[in-house]
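See below for the structure under consideration.
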Amino acid sequence: MEIVTRAARLRAVLHGARSLGRSVGLVPTMGALHAGHASLIERAAAECDLVVVSIFVNPLQFGEATDLDRYPRTLDTDLEGARASGASVVFAPSVEEMWPGWPEPRATSLVVGGVGSLWEGASRPGHFDGVATVVAKLFALAGPCRAYFGEKDYQQLCVVRRLVADLSFEVEVVGCPIVRDADGLALSSRNVLLGAEDRRAALALPEILSAGQAALDEGEQEPAVVARRMAGALAPGSPVVLDYAAVVDAEDLHVPERLDTERPLRLLVAASVGAVRLIDNAPALSVGALVPSAAAGATSR
């Protein structure tokens with residue numbers, strides 16, 4: 001496995017691979033790799049000849065300096081995990097390599113309107129601008145490839161798909177299933193920031209999604225009623241502070257007027273547990289529970 005820190009070197013390595021007829025898979029990450037990331041790398045390795053994993057904590061997508069400073073950085077462990085999962089190349093640039101002149105403001109920034117302006121986009125202004133800008137740069141460096149993103153950050157996946165469609169990148173975006181812990185909590189790099197008590201409290205998020213699914217299973221067609229059922233799943237006195245809980249159109253993320261539609265739907269939830277912000281989601285109208293009564297370690301698409 002080659003470790004690359006320079007953008008020009010990454011471009012050269014991947015161009016050379018394609019010139020030999022090898023297909024390229026790209027797995028963009030911010031490090032702190034866990035089993036969810038491993039599943040992306042393993043799928044890329046199964047479907048592509050060469051897999052590059054980017055490890056870069058992108059400051060453009062953080063609204064507060066304290067949040068950026070607290071984000072876990074575990075490069076040595078990440079390199080071991082990437083190698084074990086099948087990575088051929090790890091791209092681990094410095095901030096200055098990606099954004100020359102940092103911390104001066106970037107002159108170029110991408111905005112994905114519509115799907116990027118709702119939910120996380122509304123709660124974290126500028127977040128998806130930072131995501132879109134760094135992903136576009138990674139795609140420009142990687143060239144034609146398949147790019148693997150987890151459905152855990154479902155809105156991010158939608159933003160990336162919109163970006164690729166609008167700017168005609170030669171990139172096939174592949175969404176991969178959420179990986180959950182045995183108790184149902186979706187794996188996230190931020191989970192390591194949770195203390196034991198907050199970690200238990202965070203199980204409210206998959207329970208909120210299950211409450212939304214239950215309402216849909218009962219035939220509820222009013223999105224507002226489903227949202228209230230989801231919010232009502234929080235126990236009184238819970239330390240979880242809910243930001244939003246909703247059922248939305250799975251493609252454009254808007255709340256439909258009614259749910260008697262053949263279009264796919266998605267359940268979304270975001271909340272703060274102590275100082276840690278967590279998000280989760282699940283496909284609506286699917287079969288299977290998200291809470292511990294399900295098989296341990298189950299995944300959700």
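Chains: A, B, ... in order of the structure tokens. Residues: from 1 per chain. Ligands: from 1, in order shown.
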
Can you tell me, as a PDB file with N, CA and C atoms, in the first residue's frame, what residues are no more than 8 Å from Ser88 of chain A when counting only C-alpha atoms, ignoring any on the same chain fewer than 4 positions away?
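Okay, this is what ended up in selection_12.pdb:
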ATOM      1  N   MET A   1       0.843  -1.194   0.000  1.00  0.00           N
ATOM      2  CA  MET A   1       0.000   0.000   0.000  1.00  0.00           C
ATOM      3  C   MET A   1       0.881   1.248   0.000  1.00  0.00           C
ATOM      4  N   GLU A   2       0.626   2.147  -0.935  1.00  0.00           N
ATOM      5  CA  GLU A   2       1.400   3.381  -1.019  1.00  0.00           C
ATOM      6  C   GLU A   2       0.690   4.504  -0.267  1.00  0.00           C
ATOM      7  N   LEU A  50      -7.869  -1.044  -8.284  1.00  0.00           N
ATOM      8  CA  LEU A  50      -7.056  -0.240  -7.376  1.00  0.00           C
ATOM      9  C   LEU A  50      -7.984   0.613  -6.519  1.00  0.00           C
ATOM     10  N   VAL A  51      -7.746   0.619  -5.215  1.00  0.00           N
ATOM     11  CA  VAL A  51      -8.592   1.373  -4.286  1.00  0.00           C
ATOM     12  C   VAL A  51      -7.751   2.425  -3.583  1.00  0.00           C
ATOM     13  N   VAL A  52      -8.194   3.687  -3.682  1.00  0.00           N
ATOM     14  CA  VAL A  52      -7.544   4.770  -2.958  1.00  0.00           C
ATOM     15  C   VAL A  52      -8.485   5.262  -1.874  1.00  0.00           C
ATOM     16  N   ARG A  83      -5.162  -0.705   5.061  1.00  0.00           N
ATOM     17  CA  ARG A  83      -4.381  -1.799   4.463  1.00  0.00           C
ATOM     18  C   ARG A  83      -5.101  -3.132   4.642  1.00  0.00           C
TER      19      ARG A  83
END

Quiz item: Per DSSP on the backbone, what are the strand (DSSP E or B) residues of segment 111-213 of chain A, as a PyMOL selection string?
Solution: chain A and resi 145-150+171-176+178-180+186

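Candidate residues A:Ala140, A:Ala204, A:Val24, A:Ala12 were compared for distance to Ala233 of chain A, and the nearest is A:Ala204, using only C-alpha atoms.
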
Practice problem: Write out as a list in words each polymer residue whose atoms come within 10 Å of Leu253 of chain A, counting only C-alpha atoms; drop sequence neighbours fewer than 6 positions from it. | Solution: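 Listing them by chain and then by number gives Gly114, Val115, Gly116, Ser117, Leu118, Trp119, Tyr154, Gln155, Cys158, Ala246, Val247, Leu265, Arg266, Leu267 and Leu268 of chain A.
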
Keeping N, CA and C atoms, export the residues of the selection given above as an mmCIF file, in the first residue's frame.
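Output (again03.cif):
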data_model
loop_
_atom_site.group_PDB
_atom_site.id
_atom_site.type_symbol
_atom_site.label_atom_id
_atom_site.label_comp_id
_atom_site.auth_asym_id
_atom_site.auth_seq_id
_atom_site.Cartn_x
_atom_site.Cartn_y
_atom_site.Cartn_z
ATOM 1 N N GLY A 114 -30.852 23.349 -3.146
ATOM 2 C CA GLY A 114 -31.911 22.347 -3.083
ATOM 3 C C GLY A 114 -31.621 21.312 -2.022
ATOM 4 N N VAL A 115 -31.144 20.143 -2.451
ATOM 5 C CA VAL A 115 -30.924 19.033 -1.527
ATOM 6 C C VAL A 115 -29.895 19.373 -0.452
ATOM 7 N N GLY A 116 -28.994 20.324 -0.735
ATOM 8 C CA GLY A 116 -27.986 20.696 0.249
ATOM 9 C C GLY A 116 -28.410 21.791 1.201
ATOM 10 N N SER A 117 -29.584 22.365 0.995
ATOM 11 C CA SER A 117 -30.024 23.494 1.826
ATOM 12 C C SER A 117 -30.927 23.080 2.978
ATOM 13 N N LEU A 118 -31.391 21.823 2.984
ATOM 14 C CA LEU A 118 -32.344 21.352 3.983
ATOM 15 C C LEU A 118 -31.627 20.663 5.131
ATOM 16 N N TRP A 119 -32.353 20.394 6.204
ATOM 17 C CA TRP A 119 -31.930 19.539 7.300
ATOM 18 C C TRP A 119 -30.534 19.891 7.809
ATOM 19 N N TYR A 154 -26.697 10.199 4.802
ATOM 20 C CA TYR A 154 -27.560 10.053 3.627
ATOM 21 C C TYR A 154 -27.682 11.355 2.846
ATOM 22 N N GLN A 155 -27.838 12.470 3.552
ATOM 23 C CA GLN A 155 -27.969 13.739 2.841
ATOM 24 C C GLN A 155 -26.680 14.072 2.092
ATOM 25 N N CYS A 158 -26.734 12.291 -1.119
ATOM 26 C CA CYS A 158 -27.607 12.976 -2.077
ATOM 27 C C CYS A 158 -26.921 14.201 -2.664
ATOM 28 N N ALA A 246 -37.988 13.407 10.780
ATOM 29 C CA ALA A 246 -38.915 13.608 9.671
ATOM 30 C C ALA A 246 -38.910 12.410 8.740
ATOM 31 N N VAL A 247 -39.975 12.318 7.939
ATOM 32 C CA VAL A 247 -40.021 11.392 6.826
ATOM 33 C C VAL A 247 -40.031 12.239 5.561
ATOM 34 N N LEU A 265 -39.228 6.713 0.254
ATOM 35 C CA LEU A 265 -39.161 7.657 1.362
ATOM 36 C C LEU A 265 -37.972 7.331 2.255
ATOM 37 N N ARG A 266 -37.576 8.319 3.063
ATOM 38 C CA ARG A 266 -36.459 8.120 3.999
ATOM 39 C C ARG A 266 -36.828 8.742 5.333
ATOM 40 N N LEU A 267 -36.498 8.068 6.406
ATOM 41 C CA LEU A 267 -36.661 8.597 7.755
ATOM 42 C C LEU A 267 -35.336 9.222 8.183
ATOM 43 N N LEU A 268 -35.381 10.456 8.679
ATOM 44 C CA LEU A 268 -34.182 11.177 9.098
ATOM 45 C C LEU A 268 -34.295 11.606 10.549
#

Quiz item: When you draw a straight line from atom CA of Leu10 of chain A to atom CA of Tyr148 of chain A, how long is it in Å?
Solution: 17.6 Å

Exercise. Grab the atom CA of Thr5 of chain A to atom CA of Val179 of chain A distance for me, in Å with one decimal place.
Key: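 Computed distance, atom CA of Thr5 of chain A to atom CA of Val179 of chain A, equals 28.9 Å.
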
Quiz item: A:Pro256, A:Pro239, A:Gly175, A:Gly121: which is nearest Pro223 of chain A, counting only C-alpha atoms?
Solution: A:Pro256

Quiz item: Got a sec: who's within 10 Å of Tyr71 of chain A, counting only C-alpha atoms, leaving out chain neighbours fewer than 5 positions off, as a list of chain:residue names?
Solution: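 My list of contacting residues is A:Met30, A:Gly31, A:Ala32, A:Val57, A:Phe62, A:Thr66, A:Ser189, A:Arg190, A:Val192, A:Leu193.
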